[in-house]
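J.: Input structure: target.txt, which contains compact mmCIF, C-alpha atoms.
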```
# COMPACT_ATOMS: atom_id res chain seq x y z
CA MET A 324 -53.71 -103.46 100.50
CA ALA A 325 -55.33 -105.00 103.54
CA ASP A 326 -57.60 -103.17 105.85
CA GLY A 327 -56.26 -104.27 109.19
CA PHE A 328 -53.70 -107.01 108.51
CA ARG A 329 -50.21 -105.92 109.41
CA LEU A 330 -47.01 -107.84 109.98
CA ASN A 331 -44.32 -106.29 112.12
CA ILE A 332 -40.76 -107.45 111.63
CA SER A 333 -37.36 -106.05 112.52
CA HIS A 334 -35.04 -104.73 109.83
CA ASP A 335 -32.53 -107.44 110.75
CA LEU A 336 -34.97 -110.35 110.31
CA ALA A 337 -36.33 -108.93 107.04
CA GLU A 338 -32.75 -108.75 105.75
CA ARG A 339 -32.10 -112.34 106.81
CA ILE A 340 -35.09 -113.55 104.75
CA GLY A 341 -33.65 -111.78 101.71
CA GLN A 342 -30.20 -113.21 102.39
CA HIS A 343 -31.60 -116.73 102.64
CA GLY A 344 -33.22 -116.23 99.23
CA ALA A 345 -29.93 -114.95 97.82
CA GLU A 346 -28.02 -117.94 99.22
CA THR A 347 -30.34 -120.52 97.68
CA PHE A 348 -30.77 -118.65 94.35
CA PRO A 349 -31.70 -119.82 91.71
CA HIS A 350 -33.61 -122.20 93.97
CA GLU A 351 -36.42 -121.19 96.28
CA CYS A 352 -35.69 -120.85 99.98
CA CYS A 353 -38.24 -121.41 102.72
CA GLY A 354 -38.59 -121.12 106.46
CA ALA A 355 -40.93 -120.48 109.36
CA LEU A 356 -41.80 -117.12 110.91
CA LEU A 357 -41.84 -117.40 114.70
CA GLY A 358 -43.58 -114.70 116.64
CA ARG A 359 -46.64 -113.57 118.46
CA ASP A 360 -50.18 -112.85 117.42
CA SER A 361 -52.32 -110.79 119.76
CA ALA A 362 -55.33 -113.04 119.06
CA PHE A 363 -53.74 -115.77 121.19
CA GLU A 364 -52.45 -113.54 123.96
CA GLU A 365 -54.26 -113.29 127.27
CA ASN A 366 -55.71 -109.84 127.82
CA SER A 367 -54.97 -108.97 124.20
CA SER A 368 -55.33 -105.35 123.28
CA ALA A 369 -58.14 -104.29 120.97
CA GLU A 370 -55.61 -103.61 118.23
CA PRO A 371 -54.80 -106.83 116.31
CA ALA A 372 -51.06 -107.21 116.01
CA ARG A 373 -48.68 -109.83 114.68
CA GLU A 374 -44.95 -109.65 115.06
CA VAL A 375 -42.14 -111.86 113.74
CA LEU A 376 -39.46 -112.26 116.41
CA GLU A 377 -37.36 -115.15 115.10
CA LEU A 378 -36.81 -117.14 111.91
CA PHE A 379 -36.52 -120.88 111.49
CA PRO A 380 -34.84 -121.48 108.09
CA LEU A 381 -35.69 -124.81 106.48
CA VAL A 382 -34.42 -126.95 103.65
CA ASN A 383 -36.59 -126.88 100.54
CA ARG A 384 -37.87 -130.48 100.19
CA ARG A 385 -38.77 -130.05 96.52
CA ASP A 386 -35.46 -131.24 95.10
CA ASP A 387 -37.30 -132.26 91.90
CA SER A 388 -38.34 -128.69 91.11
CA PRO A 389 -36.59 -126.29 93.49
CA ARG A 390 -36.52 -123.30 91.11
CA ASN A 391 -40.26 -122.73 91.18
CA ARG A 392 -41.61 -124.82 94.05
CA PHE A 393 -40.98 -125.25 97.75
CA ALA A 394 -42.24 -127.74 100.28
CA VAL A 395 -42.05 -128.04 104.05
CA ALA A 396 -42.81 -131.55 105.32
CA ALA A 397 -45.04 -132.16 108.33
CA GLU A 398 -41.96 -133.25 110.35
CA ASP A 399 -40.34 -129.87 109.62
CA VAL A 400 -43.55 -128.08 110.64
CA LEU A 401 -43.45 -129.96 113.96
CA ASP A 402 -39.77 -128.99 114.39
CA ALA A 403 -40.62 -125.35 113.71
CA GLU A 404 -43.48 -125.46 116.24
CA LYS A 405 -41.15 -126.99 118.81
CA ALA A 406 -38.55 -124.27 118.19
CA ALA A 407 -41.28 -121.65 118.54
CA ARG A 408 -42.44 -123.09 121.87
CA GLN A 409 -38.85 -123.06 123.17
CA HIS A 410 -38.81 -119.30 122.53
CA GLY A 411 -42.31 -118.88 124.00
CA LEU A 412 -43.59 -118.07 120.50
CA ASP A 413 -45.93 -119.48 117.86
CA VAL A 414 -45.39 -120.25 114.19
CA VAL A 415 -47.23 -117.25 112.72
CA GLY A 416 -46.33 -117.85 109.09
CA TRP A 417 -43.89 -118.98 106.45
CA TYR A 418 -41.53 -117.30 104.03
CA HIS A 419 -40.26 -118.36 100.64
CA SER A 420 -38.48 -116.78 97.71
CA HIS A 421 -39.51 -116.35 94.08
CA PRO A 422 -36.26 -116.52 92.08
CA ASP A 423 -36.42 -114.19 89.05
CA HIS A 424 -40.12 -113.79 89.62
CA PRO A 425 -42.30 -111.09 91.22
CA ALA A 426 -43.20 -111.25 94.93
CA ARG A 427 -46.81 -112.14 94.22
CA PRO A 428 -48.54 -115.41 95.16
CA SER A 429 -49.06 -117.89 92.36
CA GLN A 430 -52.15 -120.01 91.86
CA PHE A 431 -50.08 -122.92 93.18
CA ASP A 432 -49.33 -120.91 96.32
CA ARG A 433 -53.04 -120.29 96.88
CA GLU A 434 -54.12 -123.88 96.29
CA HIS A 435 -51.68 -125.05 98.96
CA ALA A 436 -52.10 -122.26 101.49
CA TRP A 437 -53.49 -122.42 105.00
CA PRO A 438 -55.64 -119.65 106.40
CA TRP A 439 -54.39 -117.38 109.20
CA TYR A 440 -50.66 -117.83 108.49
CA SER A 441 -48.70 -114.92 107.04
CA TYR A 442 -47.03 -115.92 103.80
CA VAL A 443 -44.00 -113.73 103.15
CA ILE A 444 -42.60 -113.80 99.61
CA VAL A 445 -39.28 -112.25 98.64
CA SER A 446 -38.48 -111.70 95.01
CA VAL A 447 -34.83 -112.52 94.22
CA LEU A 448 -33.77 -111.10 90.87
CA SER A 449 -30.43 -112.28 89.42
CA GLY A 450 -29.42 -113.36 92.92
CA LYS A 451 -30.31 -110.08 94.61
CA PRO A 452 -33.25 -109.81 97.04
CA GLU A 453 -35.72 -107.13 95.96
CA ASP A 454 -39.40 -106.73 96.88
CA MET A 455 -40.84 -108.42 99.95
CA THR A 456 -44.59 -108.85 100.38
CA SER A 457 -46.86 -110.70 102.82
CA TRP A 458 -50.22 -112.35 102.20
CA ARG A 459 -53.02 -114.08 104.07
CA LEU A 460 -55.41 -116.54 102.50
CA ASN A 461 -59.05 -115.43 102.64
CA ASP A 462 -61.52 -117.63 104.54
CA ASP A 463 -63.16 -118.72 101.27
CA ARG A 464 -59.75 -119.85 99.86
CA GLN A 465 -60.48 -117.93 96.64
CA ALA A 466 -57.90 -115.18 97.03
CA TYR A 467 -55.27 -113.62 99.22
CA THR A 468 -55.32 -110.35 101.08
CA GLN A 469 -52.03 -108.52 101.09
CA GLU A 470 -50.89 -107.41 104.52
CA GLN A 471 -48.67 -104.48 105.18
CA ILE A 472 -45.14 -105.30 106.31
CA GLU A 473 -43.98 -102.83 108.89
CA ILE A 474 -40.23 -102.93 109.31
CA ARG A 475 -39.11 -101.78 112.72
CA ASN A 476 -35.71 -101.19 114.17
CA ARG A 477 -36.48 -103.21 117.24
CA ALA A 478 -39.11 -105.66 118.39
CA ALA A 479 -41.94 -104.55 120.63
CA VAL A 480 -44.97 -106.77 121.24
CA MET B 1421 -65.27 -143.98 121.04
CA ALA B 1422 -64.15 -140.68 122.55
CA VAL B 1423 -61.17 -139.28 120.68
CA LYS B 1424 -59.27 -136.03 121.11
CA VAL B 1425 -58.35 -134.03 118.00
CA ILE B 1426 -55.48 -131.54 118.16
CA ILE B 1427 -56.25 -128.46 116.04
CA PRO B 1428 -53.28 -126.73 114.36
CA THR B 1429 -52.79 -123.01 115.02
CA PRO B 1430 -54.00 -121.76 111.59
CA LEU B 1431 -57.36 -123.50 112.06
CA ARG B 1432 -58.05 -122.27 115.59
CA VAL B 1433 -59.79 -119.22 114.17
CA TYR B 1434 -62.57 -121.65 113.21
CA THR B 1435 -62.73 -123.46 116.57
CA ALA B 1436 -63.25 -120.45 118.85
CA LYS B 1437 -59.45 -120.51 119.55
CA ARG B 1438 -59.65 -124.01 121.01
CA ASP B 1439 -56.52 -126.10 120.44
CA SER B 1440 -58.34 -129.43 120.72
CA ALA B 1441 -61.81 -130.93 120.43
CA GLU B 1442 -63.49 -134.11 121.64
CA VAL B 1443 -65.18 -136.22 118.99
CA SER B 1444 -67.02 -139.50 118.95
CA ALA B 1445 -66.05 -141.96 116.20
CA GLN B 1446 -65.12 -145.52 115.20
CA THR B 1447 -62.65 -144.47 112.47
CA VAL B 1448 -60.38 -141.56 111.59
CA GLY B 1449 -62.81 -140.56 108.82
CA GLU B 1450 -65.73 -140.47 111.25
CA ALA B 1451 -63.66 -138.46 113.72
CA LEU B 1452 -62.92 -135.82 111.07
CA GLY B 1453 -66.60 -135.91 110.06
CA ASP B 1454 -67.69 -135.24 113.63
CA LEU B 1455 -65.09 -132.49 113.95
CA THR B 1456 -66.32 -130.69 110.82
CA SER B 1457 -69.94 -131.02 111.93
CA GLN B 1458 -68.99 -129.29 115.21
CA PHE B 1459 -66.95 -126.66 113.37
CA ALA B 1460 -68.39 -126.39 109.86
CA GLU B 1461 -65.92 -123.77 108.67
CA LEU B 1462 -63.07 -126.26 109.02
CA ARG B 1463 -64.41 -128.42 106.22
CA LYS B 1464 -63.15 -126.50 103.19
CA HIS B 1465 -59.66 -126.21 104.67
CA LEU B 1466 -59.38 -129.93 105.39
CA PHE B 1467 -61.23 -131.40 102.39
CA THR B 1468 -61.36 -130.70 98.67
CA ASP B 1469 -64.69 -129.95 96.98
CA ASP B 1470 -65.09 -133.65 96.19
CA GLY B 1471 -64.55 -134.64 99.81
CA LYS B 1472 -60.94 -135.86 99.73
CA LEU B 1473 -58.51 -134.92 102.47
CA ARG B 1474 -56.28 -132.16 101.06
CA SER B 1475 -52.75 -133.25 100.18
CA PHE B 1476 -51.14 -130.81 102.62
CA VAL B 1477 -53.32 -131.94 105.54
CA ASN B 1478 -51.54 -134.65 107.54
CA VAL B 1479 -53.35 -136.67 110.16
CA TYR B 1480 -51.50 -138.58 112.86
CA LEU B 1481 -53.19 -141.17 115.06
CA ASN B 1482 -51.21 -140.91 118.27
CA ASP B 1483 -47.76 -140.61 116.58
CA GLU B 1484 -48.46 -142.59 113.41
CA ASP B 1485 -49.24 -141.02 110.02
CA ILE B 1486 -52.61 -142.46 108.89
CA ARG B 1487 -51.22 -142.68 105.31
CA TYR B 1488 -49.17 -145.64 106.54
CA MET B 1489 -52.18 -147.21 108.25
CA ALA B 1490 -55.65 -147.65 106.73
CA LYS B 1491 -55.93 -143.90 106.01
CA GLU B 1492 -59.40 -142.60 106.88
CA ALA B 1493 -60.67 -146.14 107.50
CA THR B 1494 -58.15 -146.56 110.35
CA PRO B 1495 -60.08 -147.59 113.47
CA VAL B 1496 -59.84 -145.46 116.61
CA LYS B 1497 -60.36 -146.39 120.25
CA ASP B 1498 -61.19 -144.54 123.44
CA GLY B 1499 -58.44 -142.18 124.52
CA ASP B 1500 -56.73 -141.97 121.12
CA VAL B 1501 -55.31 -138.62 120.05
CA LEU B 1502 -55.60 -137.45 116.46
CA SER B 1503 -53.30 -134.60 115.41
CA ILE B 1504 -53.88 -132.50 112.31
CA VAL B 1505 -50.46 -131.31 111.15
CA PRO B 1506 -49.96 -128.90 108.25
CA SER B 1507 -47.39 -129.33 105.55
CA ILE B 1508 -46.52 -126.19 103.65
CA ALA B 1509 -46.03 -125.84 99.90
CA GLY B 1510 -45.98 -123.19 97.25
CA GLY B 1511 -43.65 -121.48 94.86
CA SER B 1512 -43.58 -119.11 91.95
CA GLY B 1513 -44.70 -121.88 89.62
CA ALA B 1514 -42.74 -120.06 86.89
CA SER B 1515 -45.43 -120.07 84.19
CA ASP B 1516 -48.37 -120.43 86.58
CA PRO B 1517 -50.88 -117.59 86.26
CA GLU B 1518 -50.41 -115.01 88.97
CA LEU B 1519 -53.14 -113.85 91.26
CA ALA B 1520 -53.86 -110.28 92.12
```
Show this structure as structure tokens.
T.:
Amino acid sequence: MADGFRLNISHDLAERIGQHGAETFPHECCGALLGRDSAFEENSSAEPAREVLELFPLVNRRDDSPRNRFAVAAEDVLDAEKAARQHGLDVVGWYHSHPDHPARPSQFDREHAWPWYSYVIVSVLSGKPEDMTSWRLNDDRQAYTQEQIEIRNRAAV
Amino acid sequence: MAVKVIIPTPLRVYTAKRDSAEVSAQTVGEALGDLTSQFAELRKHLFTDDGKLRSFVNVYLNDEDIRYMAKEATPVKDGDVLSIVPSIAGGSGASDPELA
């Protein structure tokens, strides 16, 4: 588990990610995590903090292989960034589901990952959302660091 | 030619939090070369080990995707704006080996 990386999210939003994965099962779902990261705040506190405050569900563009792949096109990324700005937020990461597969990043995930973003994965087993994990790509692109998901009852950044 | 490059949020950790940079170049490829010489840590996130632009890195010259122009050979002029826009991909990969 990470030393330092932590992702705060409300119970409601965490449930919605799981529900999105259940709705698209046996296909993968995907979407953007809109929120705040203290690194980009003025007068940020010493404590690094990242919080998800809204979701932006997207359509999986990989209609050739939607059971084990997902893709978000650049146009969708721009839409997500626009939605974030309208809420006064940033895109702080992305979520996707692993249907009938553990909530661990695959090699394919790593090869296509960006640094800094939080990558939330929810495992959906037989249509039911189970484990949820979050990961950040290391600077050297060789591995991920798992970040702790802290589920809160209400938002507070 | 003086060109502005818009840096996407996930790469701002490598540009001292700056959201744009000024580069001097004749082509898109030169602009990205100048950018990565100013901010060396960007290189491995934009380019593969053999120097090709990564598939999930999209570059727009003003509002046009360079893939539909002359790609990295596309000429640039003073005042142009280059935007680096991520696309996002992944997935369980079913039989792909998992990483710890």
J.: Write out, as a tab-separated table, each residue of chain A that has an atom at most 9 Å from chain B, together with the closest pair of atoms and their distance in Å to one decimal, counting all atoms listed in the file, rows going by chain and rising number.
T.:
```
residue	atom	partner	partner_atom	distance
A:Glu351	CA	B:Gly1511	CA	7.4
A:Ala362	CA	B:Lys1437	CA	8.5
A:Phe363	CA	B:Lys1437	CA	7.6
A:Pro389	CA	B:Gly1511	CA	8.7
A:Arg390	CA	B:Ala1514	CA	8.2
A:Asn391	CA	B:Gly1513	CA	4.8
A:Arg392	CA	B:Gly1511	CA	4.0
A:Phe393	CA	B:Gly1510	CA	5.4
A:Ala394	CA	B:Ala1509	CA	4.3
A:Val395	CA	B:Ile1508	CA	4.9
A:Ala396	CA	B:Ser1507	CA	5.1
A:Ala397	CA	B:Ser1507	CA	4.6
A:Glu398	CA	B:Ser1507	CA	8.2
A:Asp399	CA	B:Ser1507	CA	8.2
A:Val400	CA	B:Ser1507	CA	6.5
A:Leu401	CA	B:Val1505	CA	7.7
A:Asp413	CA	B:Thr1429	CA	8.2
A:Val414	CA	B:Thr1429	CA	7.9
A:Val415	CA	B:Pro1430	CA	8.2
A:Gly416	CA	B:Pro1430	CA	9.0
A:Trp417	CA	B:Ile1508	CA	8.2
A:His419	CA	B:Gly1511	CA	7.4
A:Ser420	CA	B:Gly1511	CA	7.5
A:His421	CA	B:Ser1512	CA	5.4
A:Pro422	CA	B:Ser1512	CA	7.8
A:Asp423	CA	B:Ala1514	CA	8.9
A:His424	CA	B:Ser1512	CA	6.8
A:Pro425	CA	B:Ser1512	CA	8.2
A:Ala426	CA	B:Ser1512	CA	8.4
A:Arg427	CA	B:Glu1518	CA	7.0
A:Pro428	CA	B:Leu1519	CA	6.2
A:Ser429	CA	B:Glu1518	CA	4.6
A:Gln430	CA	B:Glu1518	CA	6.0
A:Phe431	CA	B:Gly1510	CA	5.8
A:Asp432	CA	B:Gly1510	CA	4.2
A:Arg433	CA	B:Gly1510	CA	7.6
A:Glu434	CA	B:Gly1510	CA	8.2
A:His435	CA	B:Ala1509	CA	5.8
A:Ala436	CA	B:Ile1508	CA	7.2
A:Trp437	CA	B:Pro1430	CA	6.6
A:Pro438	CA	B:Pro1430	CA	5.8
A:Trp439	CA	B:Pro1430	CA	5.0
A:Tyr440	CA	B:Pro1430	CA	6.0
A:Asp462	CA	B:Glu1461	CA	8.6
A:Asp463	CA	B:Lys1464	CA	8.0
A:Arg464	CA	B:His1465	CA	8.0
A:Ala466	CA	B:Leu1519	CA	7.6
A:Tyr467	CA	B:Ala1520	CA	8.0
```
J.: Go ahead and compute the interatomic distance for CA of Thr456 (chain A) and CA of Tyr442 (chain A), in Å to one decimal.
T.: 8.2 Å
J.: Between A:Glu346, A:Asp360, A:Asp335, A:Glu404, which residue has the minimum interatomic distance to Lys451 (chain A), considering all atoms listed in the file?
T.: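 Among the listed residues, the smallest separation from Lys451 (chain A) belongs to A:Glu346.
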J.: List every protein, DNA or RNA residue that has at least one atom no more than 6 Å from (-57.7, -143.2, 120.7) in the file's coordinates, counting only C-alpha atoms, and write the result as a list in words.
T.: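 Those within range, by chain then number, are Val1423, Val1496, Lys1497, Asp1498, Gly1499, Asp1500 and Val1501 of chain B.
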J.: Store the residues of this selection in a file with C-alpha atoms, as a CSV table (one decimal), in the frame of the given file.
T.:
```
chain,number,residue,atom,x,y,z
B,1423,VAL,CA,-61.2,-139.3,120.7
B,1496,VAL,CA,-59.8,-145.5,116.6
B,1497,LYS,CA,-60.4,-146.4,120.2
B,1498,ASP,CA,-61.2,-144.5,123.4
B,1499,GLY,CA,-58.4,-142.2,124.5
B,1500,ASP,CA,-56.7,-142.0,121.1
B,1501,VAL,CA,-55.3,-138.6,120.0
```
J.: Name the closest residue to Ser441 (chain A) among the candidates A:Leu381, A:Gln465, A:Cys353, A:Arg373; distances are taken between atoms, counting all atoms listed in the file.
T.: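 Under the stated criterion, the closest residue is A:Arg373.
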J.: Rounded to one decimal, what separation in Å do you get between CA of Gly344 (chain A) and CA of Ala406 (chain A)?
T.: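 If I compute the distance from CA of Gly344 (chain A) to CA of Ala406 (chain A), I get 21.3 Å.
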